[in-house]
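**Student:** First the structure, which I've put down as structure tokens, then a few questions once you've had a look.
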Amino acid sequence: MARRGAGLFSVTTILASFFGTAMIAGAFAYFNYKFSEYKFIDFSKWIFYQEKILFTPDADRYLVIMYSSNVAGTTEKIAAAQAEYPIIAIDYYQQSLPSDENITFLRAGTNTNLQFIQRFNIYKVPSIFIIKRSKETLYKQDSMIRELDTLEALQQTQKEL
């Protein structure tokens with residue numbers, strides 16, 4: 001009596017289809033979860049100061065640097081940085097520094113700084129990431145947050161973002 005091979009083949013095909021579908025659904029769920037990890041910042045609700053005026057963003061993307069001006073040479077290294085996007089440099093020690101067309105030095109009150117640090121889970125300075133405009137003053141994190149050992153690594157890390 002001849003054995004039919006179609007029965008075994010159809011079970012294998014069904015299992016392969018099931019596992020393929022499960023892998024695609026798992027990948028979609030993972031990337032959807034990773035995307036939802038990115039945070040928002042609304043500059044109309046969080047008050048940052050650029051020298052003596054309120055900061056209002058105007059670019060579509062920014063490279064954000066959270067740094068400490070208490071470390072010698074930090075502000076000079078940020079001022080010399082060349083980036084693809086305008087830079088927002090937020091000082092942990094809240095010193096008022098002059099900005100230029102490429103770099104905006106910001107400071108904020110203690111509550112705003114703490115909310116910012118907590119929202120973006122910043123554990124070490126300097127840290128950098130990119131934000132992208134969603135609406136007028138609402139920006140969404142557009143890259144992972146990178147912690148830098150020193151600001152000398154800033155140029156290389158920008159390419160990785």
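Residue numbers start at 1 in each chain; chains themselves are named A, B, ... in the order of the structure tokens; ligands are numbered from 1 in the order shown.
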Within 9 Å of segment 40-56 of chain A, which residues of segment 86-108 of chain A show up? Give each one with its shortest atom-to-atom distance in Å (one decimal) and the two atoms involved, counting only C-alpha atoms, rows by chain then rising residue number, as CSV.
**Tutor:**
```
residue,atom,partner,partner_atom,distance
A:Ile90,CA,A:Phe48,CA,8.8
A:Gln95,CA,A:Glu51,CA,8.8
A:Ser96,CA,A:Glu51,CA,5.2
A:Leu97,CA,A:Glu51,CA,6.2
A:Pro98,CA,A:Glu51,CA,6.4
A:Ser99,CA,A:Gln50,CA,7.5
A:Thr104,CA,A:Gln50,CA,6.9
A:Phe105,CA,A:Gln50,CA,6.2
A:Leu106,CA,A:Gln50,CA,5.0
A:Arg107,CA,A:Tyr49,CA,5.3
A:Ala108,CA,A:Phe48,CA,4.8
```
**Student:** Show me, as a ChimeraX atom specification, the residues that have an atom within 9 Å of Asp149 of chain A when counting only C-alpha atoms, minus same-chain residues fewer than 6 positions from it.
**Tutor:** /A:124-127
**Student:** Give the strand (DSSP E or B) residues of segment 2-82 of chain A, as assigned by DSSP on the backbone, as a PyMOL selection string.
**Tutor:** chain A and resi 40-42+48-50+53-54+61-67
**Student:** Print the selection's residues with all heavy atoms to a file, as a compact mmCIF listing (two decimals), in the first residue's frame.
**Tutor:**
```txt
# COMPACT_ATOMS: atom_id res chain seq x y z
N PHE A 40 8.28 62.53 24.74
CA PHE A 40 7.93 63.84 24.17
C PHE A 40 8.35 64.95 25.10
O PHE A 40 8.43 64.77 26.32
CB PHE A 40 6.42 63.93 23.96
CG PHE A 40 5.91 63.11 22.81
CD1 PHE A 40 5.52 61.80 22.99
CD2 PHE A 40 5.83 63.66 21.54
CE1 PHE A 40 5.04 61.04 21.94
CE2 PHE A 40 5.36 62.91 20.48
CZ PHE A 40 4.97 61.60 20.68
N ILE A 41 8.59 66.12 24.52
CA ILE A 41 8.84 67.33 25.30
C ILE A 41 8.04 68.45 24.64
O ILE A 41 8.08 68.62 23.42
CB ILE A 41 10.34 67.69 25.36
CG1 ILE A 41 10.55 68.94 26.19
CG2 ILE A 41 10.96 67.81 24.00
CD1 ILE A 41 12.00 69.25 26.50
N ASP A 42 7.26 69.15 25.46
CA ASP A 42 6.44 70.25 24.98
C ASP A 42 7.03 71.55 25.52
O ASP A 42 6.95 71.83 26.71
CB ASP A 42 4.99 70.08 25.43
CG ASP A 42 4.06 71.07 24.75
OD1 ASP A 42 4.55 72.03 24.13
OD2 ASP A 42 2.83 70.88 24.86
N PHE A 48 12.23 76.92 29.38
CA PHE A 48 13.68 77.00 29.27
C PHE A 48 14.05 78.42 28.88
O PHE A 48 13.33 79.07 28.12
CB PHE A 48 14.22 76.03 28.21
CG PHE A 48 14.16 74.59 28.62
CD1 PHE A 48 13.06 73.80 28.29
CD2 PHE A 48 15.18 74.02 29.36
CE1 PHE A 48 13.00 72.48 28.67
CE2 PHE A 48 15.13 72.69 29.74
CZ PHE A 48 14.04 71.92 29.40
N TYR A 49 15.18 78.89 29.39
CA TYR A 49 15.63 80.24 29.12
C TYR A 49 16.87 80.22 28.26
O TYR A 49 17.80 79.47 28.50
CB TYR A 49 15.93 80.99 30.42
CG TYR A 49 14.72 81.18 31.28
CD1 TYR A 49 14.45 80.31 32.32
CD2 TYR A 49 13.84 82.23 31.05
CE1 TYR A 49 13.32 80.47 33.11
CE2 TYR A 49 12.71 82.40 31.83
CZ TYR A 49 12.46 81.52 32.86
OH TYR A 49 11.34 81.68 33.63
N GLN A 50 16.86 81.11 27.27
CA GLN A 50 18.02 81.33 26.40
C GLN A 50 18.53 82.71 26.78
O GLN A 50 17.92 83.71 26.43
CB GLN A 50 17.57 81.30 24.95
CG GLN A 50 18.63 81.60 23.96
CD GLN A 50 18.05 81.61 22.54
OE1 GLN A 50 16.93 81.23 22.30
NE2 GLN A 50 18.86 82.07 21.62
N ILE A 53 15.79 85.46 27.78
CA ILE A 53 14.48 85.34 27.15
C ILE A 53 14.01 83.89 27.17
O ILE A 53 14.82 82.96 27.31
CB ILE A 53 14.51 85.87 25.70
CG1 ILE A 53 15.51 85.06 24.85
CG2 ILE A 53 14.83 87.34 25.67
CD1 ILE A 53 15.47 85.39 23.38
N LEU A 54 12.71 83.70 27.01
CA LEU A 54 12.17 82.35 26.93
C LEU A 54 12.57 81.71 25.61
O LEU A 54 12.56 82.36 24.57
CB LEU A 54 10.65 82.36 27.04
CG LEU A 54 10.06 82.73 28.38
CD1 LEU A 54 8.54 82.79 28.28
CD2 LEU A 54 10.47 81.73 29.44
N ARG A 61 14.32 69.76 13.78
CA ARG A 61 15.10 68.79 14.56
C ARG A 61 16.18 69.53 15.33
O ARG A 61 16.71 70.54 14.87
CB ARG A 61 15.77 67.75 13.66
CG ARG A 61 14.81 66.80 13.01
CD ARG A 61 15.58 65.82 12.13
NE ARG A 61 14.68 64.98 11.40
CZ ARG A 61 14.49 63.70 11.66
NH1 ARG A 61 15.17 63.11 12.61
NH2 ARG A 61 13.64 62.99 10.96
N TYR A 62 16.52 68.95 16.48
CA TYR A 62 17.61 69.48 17.30
C TYR A 62 18.43 68.32 17.84
O TYR A 62 17.91 67.24 18.10
CB TYR A 62 17.06 70.25 18.51
CG TYR A 62 16.51 71.61 18.20
CD1 TYR A 62 15.14 71.80 18.10
CD2 TYR A 62 17.33 72.72 18.04
CE1 TYR A 62 14.60 73.05 17.84
CE2 TYR A 62 16.81 73.97 17.77
CZ TYR A 62 15.44 74.12 17.68
OH TYR A 62 14.93 75.36 17.42
N LEU A 63 19.71 68.58 18.01
CA LEU A 63 20.58 67.69 18.76
C LEU A 63 20.62 68.27 20.17
O LEU A 63 21.01 69.41 20.36
CB LEU A 63 21.99 67.66 18.16
CG LEU A 63 23.01 66.83 18.93
CD1 LEU A 63 22.67 65.35 18.83
CD2 LEU A 63 24.40 67.08 18.39
N VAL A 64 20.16 67.50 21.14
CA VAL A 64 20.09 67.96 22.53
C VAL A 64 21.29 67.40 23.28
O VAL A 64 21.57 66.20 23.22
CB VAL A 64 18.79 67.49 23.21
CG1 VAL A 64 18.74 67.94 24.67
CG2 VAL A 64 17.58 68.01 22.46
N ILE A 65 21.99 68.29 23.99
CA ILE A 65 23.12 67.88 24.82
C ILE A 65 22.82 68.31 26.25
O ILE A 65 22.60 69.49 26.50
CB ILE A 65 24.44 68.53 24.38
CG1 ILE A 65 24.74 68.21 22.92
CG2 ILE A 65 25.59 68.10 25.28
CD1 ILE A 65 25.95 68.95 22.36
N MET A 66 22.77 67.37 27.16
CA MET A 66 22.67 67.67 28.58
C MET A 66 24.09 67.58 29.11
O MET A 66 24.73 66.53 29.00
CB MET A 66 21.76 66.67 29.29
CG MET A 66 21.58 66.92 30.75
SD MET A 66 20.54 68.36 31.00
CE MET A 66 20.43 68.37 32.77
N TYR A 67 24.61 68.69 29.64
CA TYR A 67 26.02 68.73 30.03
C TYR A 67 26.17 69.46 31.36
O TYR A 67 25.23 70.04 31.90
CB TYR A 67 26.85 69.43 28.95
CG TYR A 67 26.66 70.93 28.92
CD1 TYR A 67 27.59 71.78 29.50
CD2 TYR A 67 25.53 71.50 28.34
CE1 TYR A 67 27.42 73.16 29.50
CE2 TYR A 67 25.35 72.87 28.33
CZ TYR A 67 26.29 73.69 28.92
OH TYR A 67 26.10 75.05 28.92
```
**Student:** Residues of segment 9-145 of chain A classed as alpha helix (DSSP H) by DSSP on the backbone are to be reported as an NGL selection string.
**Tutor:** :A and (9-36 or 74-79 or 110-119)
**Student:** Taking 6 positions as the minimum chain separation for residues in the same chain, which residues sit within 10 Å of Asn70 of chain A when counting only C-alpha atoms? Answer as number ranges by chain.
**Tutor:** A: 91-95
**Student:** Could you give me, as an NGL selection string, the residues within 9 Å of Asn102 of chain A, counting only C-alpha atoms and dropping anything in the same chain fewer than 4 positions from it?
**Tutor:** :A and (79 or 82-83 or 85-88)
**Student:** Per residue of segment 52-82 of chain A within 9 Å of segment 134-137 of chain A, record the nearest atom pair and its distance in Å to one decimal, counting only C-alpha atoms, with rows in chain order and ascending residue number, as CSV.
**Tutor:**
```
residue,atom,partner,partner_atom,distance
A:Thr56,CA,A:Thr137,CA,7.6
A:Pro57,CA,A:Thr137,CA,6.7
A:Asp58,CA,A:Thr137,CA,8.4
A:Asp60,CA,A:Ser134,CA,8.5
```
